[in-house]
Structures are given as C-alpha cells and as structure tokens.
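Peer 1: Hey, dropping final38.txt in here, compact mmCIF, C-alpha atoms:
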# COMPACT_ATOMS: atom_id res chain seq x y z
CA MET A 24 73.33 100.96 78.23
CA SER A 25 76.60 101.75 79.99
CA THR A 26 76.04 105.42 80.71
CA ILE A 27 73.82 107.31 83.08
CA ASP A 28 71.66 108.92 80.42
CA SER A 29 69.14 110.67 82.63
CA LEU A 30 69.08 112.13 86.10
CA ASN A 31 65.69 110.52 86.53
CA ILE A 32 67.25 107.06 86.83
CA LEU A 33 69.72 108.04 89.53
CA GLY A 34 67.14 107.04 92.11
CA THR A 35 66.53 103.64 90.54
CA SER A 36 68.44 100.46 91.29
CA SER A 37 70.09 100.44 87.84
CA GLY A 38 71.14 104.06 88.17
CA LYS A 39 72.56 103.45 91.62
CA LEU A 40 74.57 100.47 90.39
CA LYS A 41 76.00 102.50 87.49
CA LEU A 42 76.99 105.33 89.78
CA GLU A 43 78.52 102.91 92.32
CA ALA A 44 80.55 101.32 89.50
CA LYS A 45 81.91 104.74 88.52
CA TYR A 46 82.83 105.49 92.12
CA GLN A 47 84.44 102.09 92.56
CA THR A 48 86.70 102.66 89.57
CA ALA A 49 87.65 106.13 90.78
CA LEU A 50 88.36 104.97 94.35
CA THR A 51 90.40 101.97 93.23
CA ASN A 52 92.56 104.31 91.19
CA VAL A 53 93.02 106.80 94.01
CA PHE A 54 94.02 104.18 96.58
CA ALA A 55 96.55 102.69 94.17
CA THR A 56 98.30 106.03 93.68
CA LEU A 57 98.33 107.30 97.26
CA LEU A 58 101.81 107.44 98.76
CA SER A 59 100.36 106.57 102.17
CA HIS A 60 98.49 103.56 100.78
CA LYS A 61 101.75 102.05 99.55
CA ILE A 62 103.37 102.09 102.99
CA LYS A 63 100.50 101.80 105.49
CA ASN A 64 99.76 98.76 107.63
CA THR A 65 96.98 96.62 106.16
CA ASP A 66 97.42 93.60 108.45
CA LEU A 67 94.34 94.39 110.50
CA SER A 68 91.64 92.31 112.12
CA GLY A 69 88.06 93.28 112.73
CA ASP A 70 85.35 95.04 110.76
CA PRO A 71 85.84 98.78 110.04
CA THR A 72 82.06 99.25 110.10
CA SER A 73 82.06 98.25 113.78
CA GLY A 74 84.01 101.38 114.72
CA SER A 75 87.51 99.99 115.22
CA VAL A 76 90.04 97.41 114.04
CA ILE A 77 93.11 95.90 115.68
CA ALA A 78 96.70 95.75 114.52
CA LYS A 79 98.90 93.22 116.30
CA ARG A 80 102.58 93.59 117.07
CA PHE A 81 104.45 90.55 118.34
CA VAL A 82 107.55 90.40 120.51
CA ASN A 83 110.63 88.80 118.94
CA SER A 84 111.14 85.09 119.55
CA LYS A 85 114.14 84.04 121.64
CA ALA A 86 116.44 81.15 120.87
CA LYS A 87 117.04 78.83 123.83
CA ASP A 88 119.10 75.70 124.34
CA TYR A 89 117.65 72.50 122.93
CA GLY A 90 115.43 70.74 125.44
CA THR A 91 114.33 73.87 127.31
CA ALA A 92 110.68 73.53 126.35
CA ARG A 93 110.71 69.77 126.99
CA GLY A 94 112.22 70.27 130.42
CA ALA A 95 109.70 72.94 131.36
CA ASN A 96 106.89 70.96 129.73
CA LYS A 97 105.68 74.10 128.00
CA ALA A 98 106.60 76.41 125.15
CA ASP A 99 107.08 80.15 125.32
CA ALA A 100 103.83 82.08 125.25
CA LEU A 101 103.36 84.28 122.22
CA LYS A 102 103.66 87.85 123.46
CA GLY A 103 102.57 90.97 121.71
CA ALA A 104 100.54 94.13 121.84
CA ASP A 105 97.18 95.01 120.35
CA VAL A 106 96.99 98.44 118.78
CA VAL A 107 93.39 99.59 118.51
CA VAL A 108 92.69 101.78 115.50
CA LYS A 109 89.48 103.71 116.04
CA ILE A 110 87.41 104.64 113.00
CA ASP A 111 86.72 108.06 114.46
CA LYS A 112 86.66 110.34 111.41
CA ASN A 113 83.25 110.51 109.77
CA LYS A 114 83.16 112.48 106.52
CA GLU A 115 80.81 113.08 103.63
CA ILE A 116 80.86 114.60 100.17
CA VAL A 117 77.28 115.23 99.11
CA GLU A 118 76.23 117.44 96.20
CA GLU A 119 73.11 118.35 94.30
CA VAL A 120 72.79 118.27 90.53
CA GLU A 121 70.12 120.38 88.89
CA GLN A 122 68.51 119.08 85.74
CA LYS A 123 69.30 122.34 83.95
CA ASP A 124 73.02 122.07 84.81
CA THR A 125 73.35 118.96 82.65
CA ARG A 126 72.54 120.67 79.37
CA MET A 127 76.12 121.64 78.51
CA LEU A 128 78.06 118.60 79.72
CA GLY A 129 75.33 115.98 79.74
CA VAL A 130 74.57 113.85 82.75
CA ASP A 131 77.52 111.51 82.27
CA GLY A 132 80.04 114.30 81.72
CA LEU A 133 78.90 116.28 84.73
CA ILE A 134 78.84 113.30 87.05
CA ASN A 135 82.26 112.11 85.88
CA LYS A 136 83.71 115.54 86.64
CA ARG A 137 82.21 115.59 90.11
CA ILE A 138 83.30 112.04 90.91
CA ASP A 139 86.83 112.95 89.87
CA ASN A 140 86.70 115.90 92.24
CA HIS A 141 85.39 113.69 95.05
CA ARG A 142 88.29 111.32 94.43
CA LYS A 143 90.80 114.14 94.83
CA VAL A 144 89.13 115.39 98.02
CA LEU A 145 89.21 111.90 99.52
CA ALA A 146 92.86 111.43 98.54
CA LEU A 147 93.89 114.73 100.11
CA GLU A 148 92.02 113.96 103.32
CA LEU A 149 93.70 110.57 103.76
CA GLU A 150 97.21 111.72 102.82
CA LYS A 151 97.12 114.68 105.18
CA ALA A 152 95.83 112.56 108.07
CA PHE A 153 98.41 109.82 107.50
CA PHE A 154 101.41 112.11 107.48
CA ALA A 155 100.03 114.28 110.28
CA LYS A 156 100.13 111.17 112.45
CA ALA A 157 103.72 110.46 111.36
CA ASP A 158 104.69 114.07 112.16
CA GLU A 159 103.03 113.74 115.57
CA VAL A 160 104.69 110.54 116.80
CA ALA A 161 108.10 110.71 115.07
CA THR A 162 111.27 110.83 117.15
CA ASN A 163 113.66 113.62 116.20
CA VAL A 164 117.13 112.76 114.93
CA GLU A 165 119.59 115.36 116.20
CA MET A 166 122.05 116.73 113.64
CA ALA A 167 124.59 118.46 115.88
CA GLY A 168 127.89 118.64 114.03
CA VAL A 169 126.45 117.27 110.77
CA THR A 170 126.23 119.87 108.00
CA ASP A 171 126.07 118.05 104.65
CA ILE A 172 122.54 117.12 103.58
CA ALA A 173 123.60 113.71 102.31
CA ASP A 174 125.30 112.95 105.62
CA LYS A 175 122.16 114.04 107.44
CA LEU A 176 120.02 111.73 105.38
CA ASP A 177 122.49 108.93 106.03
CA LYS A 178 122.22 109.56 109.76
CA VAL A 179 118.43 109.28 109.61
CA ILE A 180 118.68 105.99 107.72
CA ASN A 181 121.26 104.55 110.08
CA THR A 182 119.26 105.60 113.14
CA LEU A 183 116.27 103.62 111.90
CA LYS A 184 118.39 100.69 110.74
CA ASP A 185 119.92 100.36 114.21
CA VAL A 186 116.71 100.27 116.28
CA LYS A 187 116.71 97.30 118.63
CA ASN A 188 114.04 96.48 121.20
CA ASP A 189 111.70 93.66 122.19
CA TYR A 190 109.95 93.87 118.82
CA VAL A 191 112.73 94.42 116.27
CA GLU A 192 116.40 93.61 115.85
CA GLY A 193 117.23 96.36 113.38
CA VAL A 194 115.41 97.37 110.21
CA ASP A 195 116.47 96.33 106.70
CA VAL A 196 116.90 99.10 104.13
CA GLU A 197 114.30 97.57 101.81
CA ASP A 198 111.72 98.02 104.58
CA ILE A 199 112.46 101.73 105.08
CA GLU A 200 110.49 104.54 103.43
CA ILE A 201 111.67 108.14 103.47
CA THR A 202 109.52 111.09 102.50
CA LEU A 203 110.88 114.60 102.07
CA ASN A 204 108.94 117.83 101.84
CA THR A 205 109.42 119.93 98.74
CA LYS A 206 112.18 122.07 100.27
CA ALA A 207 114.29 119.12 101.40
CA PHE A 208 113.61 117.09 98.26
CA THR A 209 114.75 119.96 96.03
CA ALA A 210 117.87 120.47 98.13
CA MET A 211 118.72 116.77 97.88
CA ARG A 212 118.22 116.80 94.11
CA LYS A 213 120.61 119.74 93.79
CA LYS A 214 123.14 117.87 95.89
CA LEU A 215 122.94 114.83 93.61
CA ASP A 216 123.06 117.04 90.50
CA GLY A 217 126.51 118.17 91.61
CA LEU A 218 127.91 114.67 92.03
CA ASN A 219 129.81 113.51 88.96
CA THR A 220 129.44 109.91 90.06
CA SER A 221 125.67 110.06 90.31
CA ASN A 222 123.98 107.67 87.88
CA VAL A 223 120.61 109.39 88.16
CA ASP A 224 119.61 112.23 85.85
CA THR A 225 117.69 114.26 88.43
CA ALA A 226 116.91 116.91 85.84
CA LYS A 227 114.58 114.41 84.19
CA ARG A 228 113.14 112.43 87.09
CA SER A 229 113.17 111.88 90.83
CA PHE A 230 116.23 110.18 92.27
CA GLY A 231 113.99 107.49 93.78
CA TYR A 232 116.52 105.76 96.05
CA PHE A 233 119.32 106.92 98.31
CA HIS A 234 121.75 104.26 99.53
CA GLY A 235 119.15 101.57 98.94
CA VAL A 236 116.26 103.38 100.64
CA LYS A 237 113.14 104.50 98.78
CA VAL A 238 112.81 108.30 98.84
CA SER A 239 109.67 110.17 97.78
CA GLU A 240 108.63 113.79 97.63
CA ASN A 241 105.62 114.59 99.80
CA ARG A 242 103.75 117.87 100.12
CA HIS A 243 101.60 116.75 103.03
CA GLN A 244 104.06 116.62 105.91
CA THR A 245 105.28 119.28 108.31
CA ASN A 246 108.78 117.95 108.95
CA GLU A 247 111.40 118.14 106.23
CA CYS A 248 112.22 114.46 106.53
CA LEU A 249 110.18 111.51 107.74
CA ALA A 250 111.61 107.99 107.86
CA MET A 251 109.62 104.94 108.86
CA ARG A 252 109.51 101.23 108.47
CA LYS A 253 106.78 100.12 106.11
CA GLU A 254 103.50 99.34 107.85
CA SER A 255 104.28 101.62 110.79
CA ILE A 256 100.94 103.41 110.46
CA ALA A 257 97.49 101.94 109.94
CA GLN A 258 94.68 103.82 108.23
CA PRO A 259 91.59 101.69 107.60
CA VAL A 260 88.99 103.33 105.35
CA HIS A 261 85.36 102.43 104.76
CA VAL A 262 83.43 104.11 101.93
CA ASN A 263 79.71 104.12 101.21
CA VAL A 264 78.12 105.61 98.10
CA LEU A 265 75.11 107.80 98.81
CA ASN A 266 71.73 106.24 98.02
CA GLN A 267 70.85 108.74 95.33
CA GLY A 268 67.48 110.37 95.19
CA ARG A 269 65.55 113.42 94.16
CA ILE A 270 65.74 116.42 96.47
CA PRO A 271 62.20 117.07 97.78
CA LEU A 272 60.26 119.85 96.05
CA SER A 273 63.03 120.48 93.52
CA ASP A 274 64.32 119.53 90.09
CA ALA A 275 67.63 118.38 91.57
CA TYR A 276 69.19 115.07 92.54
CA GLY A 277 71.68 114.38 95.29
CA PHE A 278 74.70 112.10 94.98
CA GLY A 279 78.04 111.63 96.66
CA LEU A 280 79.71 109.43 99.24
CA PHE A 281 80.34 108.94 102.92
CA PHE A 282 83.70 107.77 104.20
CA TYR A 283 84.92 106.75 107.60
CA TYR A 284 88.53 106.25 108.62
CA GLY A 285 91.01 106.22 111.45
CA THR A 286 94.76 106.74 111.63
CA GLU A 287 97.05 105.24 114.27
CA ALA A 288 100.75 104.49 114.67
CA VAL A 289 101.34 100.76 115.09
CA THR A 290 105.12 101.05 115.53
CA PRO A 291 105.83 104.64 116.68
CA ASP A 292 109.34 103.62 117.72
CA LEU A 293 110.13 103.06 114.03
CA ILE A 294 109.20 106.55 112.85
CA PHE A 295 111.80 109.33 112.80
CA LYS A 296 111.94 112.95 111.69
CA ALA A 297 114.76 115.35 110.90
CA THR A 298 115.63 118.76 109.55
CA LEU A 299 118.00 118.51 106.60
CA THR A 300 118.41 122.03 105.21
CA SER A 301 119.68 124.01 108.20
Would it be possible to restate this file's structure as structure tokens?

Peer 2:
Amino acid sequence: MSTIDSLNILGTSSGKLKLEAKYQTALTNVFATLLSHKIKNTDLSGDPTSGSVIAKRFVNSKAKDYGTARGANKADALKGADVVVKIDKNKEIVEEVEQKDTRMLGVDGLINKRIDNHRKVLALELEKAFFAKADEVATNVEMAGVTDIADKLDKVINTLKDVKNDYVEGVDVEDIEITLNTKAFTAMRKKLDGLNTSNVDTAKRSFGYFHGVKVSENRHQTNECLAMRKESIAQPVHVNVLNQGRIPLSDAYGFGLFFYYGTEAVTPDLIFKATLTS
C-alpha cells in the first residue's frame, strides 16, 4: 500500500519509511527550484554532520620559462586557502496531528499539506540566509555620474568581469549571476519595454539575460542589485526526518523534520552590490 492510511502506523518502520519518502520527494523538488541552490558552491569536503565542511580556493598558476622546475629540482607548491563553513544553524519543524483532525482530509491529505508547508518554510529559510550573506559581504559599486539604469547594470557587470587578483584573472560573463530585487527588476523591465530593438517580450516573461549575463528577480535580498560569480557562496544543508511517534497521554502523533545548515562566502571579492533606481 503506497499511502499512509492510518496515524497508528506512523510510529512503525513502514510508516516512517513512507513518510521519509514523501519528505525526500518534497525536499528534492525544493532544492531544485531554489535560486540560491543553482548558484551556490557545492565543491565541499567533509561531513556536514560533523559540524563543518571546507571549501578550497586555489591561487592561480604562473607560467615560467621552460626548465625552471628542472633547474630548481622542484615544482611550484599548490597554494590556496581553506574556507571553513560552520554548520551553525540548527532548526526544526515539528507538529502534532490529532486523530480527529484527519476526518476531513484523511491522513494522507493532511500530511501532504503539512509536508508542502514544511518545504516552503525550509526554502524561505535557506534563500533568506543565502542572500543575507551576499548582502553582508558584497562590495558596493559606486554610480557617480551614471544615471541610466542599463548603464548602471553594465557597470556592475564590467566591475565583476575585470576583477584580477591572486585567485582570478577576470570573470567570464557565463559565470556571472545577477539578482535584482522587485523594484530594480521592474524598473529594468520597463527600460527594456521601451527599446524598439529589444527581442524580448517582457510583458510575457522575464528578460532572463542582459548582455550575456543571467538576471533573476529575487525578493530575498536587501540591495537592489547583487552580482556574483557562481559558487561564491557555500550553504551546506543536512536534513533529518523526525522519528515519528505518539505523543504521550494523547491521541496525537508528532512528525516533522530537523535541518542544519551554514552559510559562508567562499569568494567575497567576487560579490558586488549596487543601487540602480536612484
């Protein structure tokens, strides 16, 4: 039987497996649709259950004249930096279900509705934390003398493209992600609506790209514009489904999940912010 047909089996191994399967489907879907999940750094080492993971960032290699290593009898040491991402946010979503509350929706219907709500709560928590970190570490791009919103967005893109340091020699446009809050996104759409040469019908859908850079609307950031290279922020997440059981001295059962995560900037020098509408 594929459904959870009685609250009484929630505490059994078969009931637990069925509920875990429902959660797994819901969580897989939520991670796939998160804007932050599409651009976060997943190249991490370590076990999230241990309390932290490590993201590595390596210094650029340098080209030297042929024979340099042979003459020195050694190669260049691989240099880099370890960025420790602490799993320091411990959260839970735990609810009780009374037997009597299942009469209208049935056990399956009620649990599906609650799992869907838990999915949305988890998604909101992760998105807000991810972009709060970007807001926190981003370097401001000054717009003195620049008034047109398209020119401002171009300046943000070019600022990120031109970053050069020990770790990067510029950033390619296909590796850049820009997110705009609702105010800036709407203003940019109106700008494109007024361009006769625009090949995007912004009345029907988002414009998607600007001068080769992916642009998305985002309600979970403070700054009007955030621009970053992909994988600039790491956010490992570990989720455990509650071991369901009957609430003592009641006709209710508890179910839910625990999740643990951390958010850290791996390449803060490749995250920029800007104001576009003033």

Peer 1: What lies within 9 Å of segment 183-187 of chain A using only C-alpha atoms, ignoring chain neighbours under 2 positions off, as a PyMOL selection string?

Peer 2: chain A and resi 178-181+189-196+199+250-252+292-295

Peer 1: Rounded to one decimal place, report the atom CA of Leu50 of chain A-atom CA of Ile77 of chain A distance in Å.

Peer 2: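 Between atom CA of Leu50 of chain A and atom CA of Ile77 of chain A the gap works out to 23.7 Å.
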
Peer 1: Using atom CA of Gly74 of chain A and atom CA of Glu119 of chain A as the two end points, give the distance in Å to one decimal.

Peer 2: 28.7 Å

Peer 1: Measuring atom to atom with all atoms listed in the file, identify which of A:Ala55, A:Ala297, A:Leu42, A:Ala275 is nearest to Gln122 of chain A.

Peer 2: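 Residue with the minimum atom-to-atom distance to Gln122 of chain A: A:Ala275.
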
Peer 1: Around (122.6, 103.4, 103.1) in the file's frame, which residues reach within 7 Å when counting only C-alpha atoms? Return as a ChimeraX atom specification?

Peer 2: /A:177,180,233-236

Peer 1: Atom CA of Asn241 of chain A and atom CA of Ile62 of chain A are how many Å apart?

Peer 2: 13.1 Å

Peer 1: For a quick check of understanding, using all atoms listed in the file, which of A:Met166, A:Val106, A:Ala257, A:Thr48 has the smallest distance to Arg80 of chain A?

Peer 2: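 Closest to Arg80 of chain A of all the choices is A:Val106.
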
Peer 1: At most 10 Å from (108.3, 118.4, 112.7), file frame, only C-alpha atoms: which residues, as a ChimeraX atom specification?

Peer 2: /A:155,157-163,244-249,295-298

Peer 1: Out of A:His243, A:Asp174, A:Ile201, A:Ile110, which residue has the shortest atom-to-atom distance to Asp70 of chain A when counting only C-alpha atoms?

Peer 2: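 Checking each of A:His243, A:Asp174, A:Ile201, A:Ile110 against Asp70 of chain A, counting only C-alpha atoms, the winner is A:Ile110.
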
Peer 1: Sorted by chain and rising residue number, which residues of segment 150-188 of chain A lie within 7 Å of segment 284-289 of chain A, and what are their closest atom pairs and distances in Å to one decimal, counting only C-alpha atoms, as JSON lines?

Peer 2:
{"residue": "A:Ala152", "atom": "CA", "partner": "A:Thr286", "partner_atom": "CA", "distance": 6.9}
{"residue": "A:Phe153", "atom": "CA", "partner": "A:Thr286", "partner_atom": "CA", "distance": 6.3}
{"residue": "A:Lys156", "atom": "CA", "partner": "A:Glu287", "partner_atom": "CA", "distance": 6.9}

Peer 1: If we count only C-alpha atoms and set the cut-off at 10 Å, which residues sit around Lys114 of chain A, ignoring sequence neighbours fewer than 2 positions away in its own chain? Please answer as a ChimeraX atom specification.

Peer 2: /A:111-112,116-117,145,148,262,280-284

Peer 1: Taking only C-alpha atoms into account, name the residue in A:Pro291, A:Tyr46, A:Val264, A:Ser273 that is nearest to Lys136 of chain A.

Peer 2: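 Ranking A:Pro291, A:Tyr46, A:Val264, A:Ser273 by distance to Lys136 of chain A, first place goes to A:Tyr46.
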
Peer 1: Which residue gives the smallest distance to Lys109 of chain A among A:Leu67, A:Leu215, A:Val164, A:Leu133, with only C-alpha atoms counted?

Peer 2: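 Smallest separation from Lys109 of chain A among the options: A:Leu67.
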
Peer 1: Give me the residues within 12 Å of Leu58 of chain A as a ChimeraX atom specification, counting all atoms listed in the file and dropping any in the same chain fewer than 2 places off.

Peer 2: /A:53-56,60-63,146-147,149-151,153-154,200-202,237-244,253

Peer 1: Determine the nearest neighbour of Asn140 of chain A from the options A:Leu203, A:Pro259, A:Ala49, A:Leu265, counting all atoms listed in the file.

Peer 2: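 Nearest candidate to Asn140 of chain A out of A:Leu203, A:Pro259, A:Ala49, A:Leu265: A:Ala49.
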
Peer 1: Show me that you can extract segment 186-282 of chain A, keeping C-alpha atoms, and write it as a PDB file, in the first residue's frame.

Peer 2:
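Writing done, so here's decode.pdb:
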ATOM      1  CA  VAL A 186      38.458  41.570 -11.111  1.00  0.00           C
ATOM      2  CA  LYS A 187      42.073  40.442 -11.059  1.00  0.00           C
ATOM      3  CA  ASN A 188      43.953  39.090  -8.050  1.00  0.00           C
ATOM      4  CA  ASP A 189      45.944  36.036  -6.980  1.00  0.00           C
ATOM      5  CA  TYR A 190      42.895  33.818  -7.460  1.00  0.00           C
ATOM      6  CA  VAL A 191      41.222  35.072 -10.641  1.00  0.00           C
ATOM      7  CA  GLU A 192      42.187  36.766 -13.879  1.00  0.00           C
ATOM      8  CA  GLY A 193      38.801  38.252 -14.694  1.00  0.00           C
ATOM      9  CA  VAL A 194      35.390  36.590 -14.673  1.00  0.00           C
ATOM     10  CA  ASP A 195      33.613  35.320 -17.797  1.00  0.00           C
ATOM     11  CA  VAL A 196      30.041  36.513 -18.370  1.00  0.00           C
ATOM     12  CA  GLU A 197      28.686  32.955 -18.375  1.00  0.00           C
ATOM     13  CA  ASP A 198      29.945  32.579 -14.791  1.00  0.00           C
ATOM     14  CA  ILE A 199      28.183  35.713 -13.527  1.00  0.00           C
ATOM     15  CA  GLU A 200      24.775  35.706 -11.827  1.00  0.00           C
ATOM     16  CA  ILE A 201      22.834  38.894 -11.167  1.00  0.00           C
ATOM     17  CA  THR A 202      19.809  39.112  -8.910  1.00  0.00           C
ATOM     18  CA  LEU A 203      17.606  42.188  -8.683  1.00  0.00           C
ATOM     19  CA  ASN A 204      15.017  42.988  -6.055  1.00  0.00           C
ATOM     20  CA  THR A 205      11.474  43.583  -7.231  1.00  0.00           C
ATOM     21  CA  LYS A 206      11.896  47.363  -7.520  1.00  0.00           C
ATOM     22  CA  ALA A 207      15.031  47.176  -9.661  1.00  0.00           C
ATOM     23  CA  PHE A 208      13.764  44.244 -11.714  1.00  0.00           C
ATOM     24  CA  THR A 209      10.554  46.093 -12.579  1.00  0.00           C
ATOM     25  CA  ALA A 210      12.486  49.223 -13.495  1.00  0.00           C
ATOM     26  CA  MET A 211      14.769  47.224 -15.783  1.00  0.00           C
ATOM     27  CA  ARG A 212      11.800  45.544 -17.460  1.00  0.00           C
ATOM     28  CA  LYS A 213      10.243  48.946 -18.154  1.00  0.00           C
ATOM     29  CA  LYS A 214      13.537  50.106 -19.626  1.00  0.00           C
ATOM     30  CA  LEU A 215      13.643  47.124 -21.986  1.00  0.00           C
ATOM     31  CA  ASP A 216       9.959  47.553 -22.856  1.00  0.00           C
ATOM     32  CA  GLY A 217      10.834  50.951 -24.293  1.00  0.00           C
ATOM     33  CA  LEU A 218      13.615  49.683 -26.540  1.00  0.00           C
ATOM     34  CA  ASN A 219      12.426  49.038 -30.075  1.00  0.00           C
ATOM     35  CA  THR A 220      15.403  46.791 -30.702  1.00  0.00           C
ATOM     36  CA  SER A 221      14.686  44.526 -27.752  1.00  0.00           C
ATOM     37  CA  ASN A 222      13.979  40.954 -28.842  1.00  0.00           C
ATOM     38  CA  VAL A 223      12.400  40.012 -25.519  1.00  0.00           C
ATOM     39  CA  ASP A 224       8.688  40.414 -24.875  1.00  0.00           C
ATOM     40  CA  THR A 225       8.962  41.448 -21.227  1.00  0.00           C
ATOM     41  CA  ALA A 226       5.200  41.772 -20.972  1.00  0.00           C
ATOM     42  CA  LYS A 227       5.004  37.990 -21.211  1.00  0.00           C
ATOM     43  CA  ARG A 228       8.113  36.782 -19.403  1.00  0.00           C
ATOM     44  CA  SER A 229      11.284  37.786 -17.616  1.00  0.00           C
ATOM     45  CA  PHE A 230      14.082  39.166 -19.759  1.00  0.00           C
ATOM     46  CA  GLY A 231      16.403  36.466 -18.417  1.00  0.00           C
ATOM     47  CA  TYR A 232      19.733  37.780 -19.743  1.00  0.00           C
ATOM     48  CA  PHE A 233      21.326  41.194 -20.058  1.00  0.00           C
ATOM     49  CA  HIS A 234      24.409  41.444 -22.270  1.00  0.00           C
ATOM     50  CA  GLY A 235      25.073  37.740 -21.815  1.00  0.00           C
ATOM     51  CA  VAL A 236      24.624  37.688 -18.034  1.00  0.00           C
ATOM     52  CA  LYS A 237      21.856  35.730 -16.305  1.00  0.00           C
ATOM     53  CA  VAL A 238      19.482  38.067 -14.459  1.00  0.00           C
ATOM     54  CA  SER A 239      16.848  36.885 -11.977  1.00  0.00           C
ATOM     55  CA  GLU A 240      14.270  38.568  -9.799  1.00  0.00           C
ATOM     56  CA  ASN A 241      14.774  37.930  -6.093  1.00  0.00           C
ATOM     57  CA  ARG A 242      12.580  39.016  -3.197  1.00  0.00           C
ATOM     58  CA  HIS A 243      15.013  37.926  -0.503  1.00  0.00           C
ATOM     59  CA  GLN A 244      17.800  40.484  -0.781  1.00  0.00           C
ATOM     60  CA  THR A 245      18.225  43.921   0.743  1.00  0.00           C
ATOM     61  CA  ASN A 246      20.280  45.542  -2.007  1.00  0.00           C
ATOM     62  CA  GLU A 247      18.664  46.394  -5.326  1.00  0.00           C
ATOM     63  CA  CYS A 248      21.346  44.578  -7.280  1.00  0.00           C
ATOM     64  CA  LEU A 249      23.658  41.723  -6.361  1.00  0.00           C
ATOM     65  CA  ALA A 250      26.224  40.351  -8.794  1.00  0.00           C
ATOM     66  CA  MET A 251      28.445  37.378  -8.069  1.00  0.00           C
ATOM     67  CA  ARG A 252      30.427  34.694  -9.737  1.00  0.00           C
ATOM     68  CA  LYS A 253      28.745  31.318  -9.494  1.00  0.00           C
ATOM     69  CA  GLU A 254      29.844  29.290  -6.473  1.00  0.00           C
ATOM     70  CA  SER A 255      30.818  32.390  -4.493  1.00  0.00           C
ATOM     71  CA  ILE A 256      28.748  31.287  -1.501  1.00  0.00           C
ATOM     72  CA  ALA A 257      28.528  27.873   0.116  1.00  0.00           C
ATOM     73  CA  GLN A 258      25.466  26.676   2.005  1.00  0.00           C
ATOM     74  CA  PRO A 259      25.646  23.015   3.035  1.00  0.00           C
ATOM     75  CA  VAL A 260      22.378  21.600   4.383  1.00  0.00           C
ATOM     76  CA  HIS A 261      21.709  18.422   6.326  1.00  0.00           C
ATOM     77  CA  VAL A 262      18.120  17.268   6.884  1.00  0.00           C
ATOM     78  CA  ASN A 263      16.776  14.587   9.203  1.00  0.00           C
ATOM     79  CA  VAL A 264      13.162  13.425   9.281  1.00  0.00           C
ATOM     80  CA  LEU A 265      11.698  13.174  12.768  1.00  0.00           C
ATOM     81  CA  ASN A 266      11.343   9.650  14.147  1.00  0.00           C
ATOM     82  CA  GLN A 267       7.572   9.774  14.364  1.00  0.00           C
ATOM     83  CA  GLY A 268       5.740   8.612  17.410  1.00  0.00           C
ATOM     84  CA  ARG A 269       2.661   9.021  19.522  1.00  0.00           C
ATOM     85  CA  ILE A 270       2.588  11.981  21.893  1.00  0.00           C
ATOM     86  CA  PRO A 271       2.413  10.584  25.452  1.00  0.00           C
ATOM     87  CA  LEU A 272      -1.024  10.552  27.070  1.00  0.00           C
ATOM     88  CA  SER A 273      -2.733  11.855  23.934  1.00  0.00           C
ATOM     89  CA  ASP A 274      -4.463  10.814  20.727  1.00  0.00           C
ATOM     90  CA  ALA A 275      -1.923  12.739  18.648  1.00  0.00           C
ATOM     91  CA  TYR A 276       1.196  11.902  16.673  1.00  0.00           C
ATOM     92  CA  GLY A 277       4.231  14.067  16.074  1.00  0.00           C
ATOM     93  CA  PHE A 278       6.056  14.396  12.762  1.00  0.00           C
ATOM     94  CA  GLY A 279       8.328  16.859  11.048  1.00  0.00           C
ATOM     95  CA  LEU A 280      11.996  17.413  10.325  1.00  0.00           C
ATOM     96  CA  PHE A 281      15.215  18.828  11.676  1.00  0.00           C
ATOM     97  CA  PHE A 282      17.623  20.705   9.438  1.00  0.00           C
TER      98      PHE A 282
END
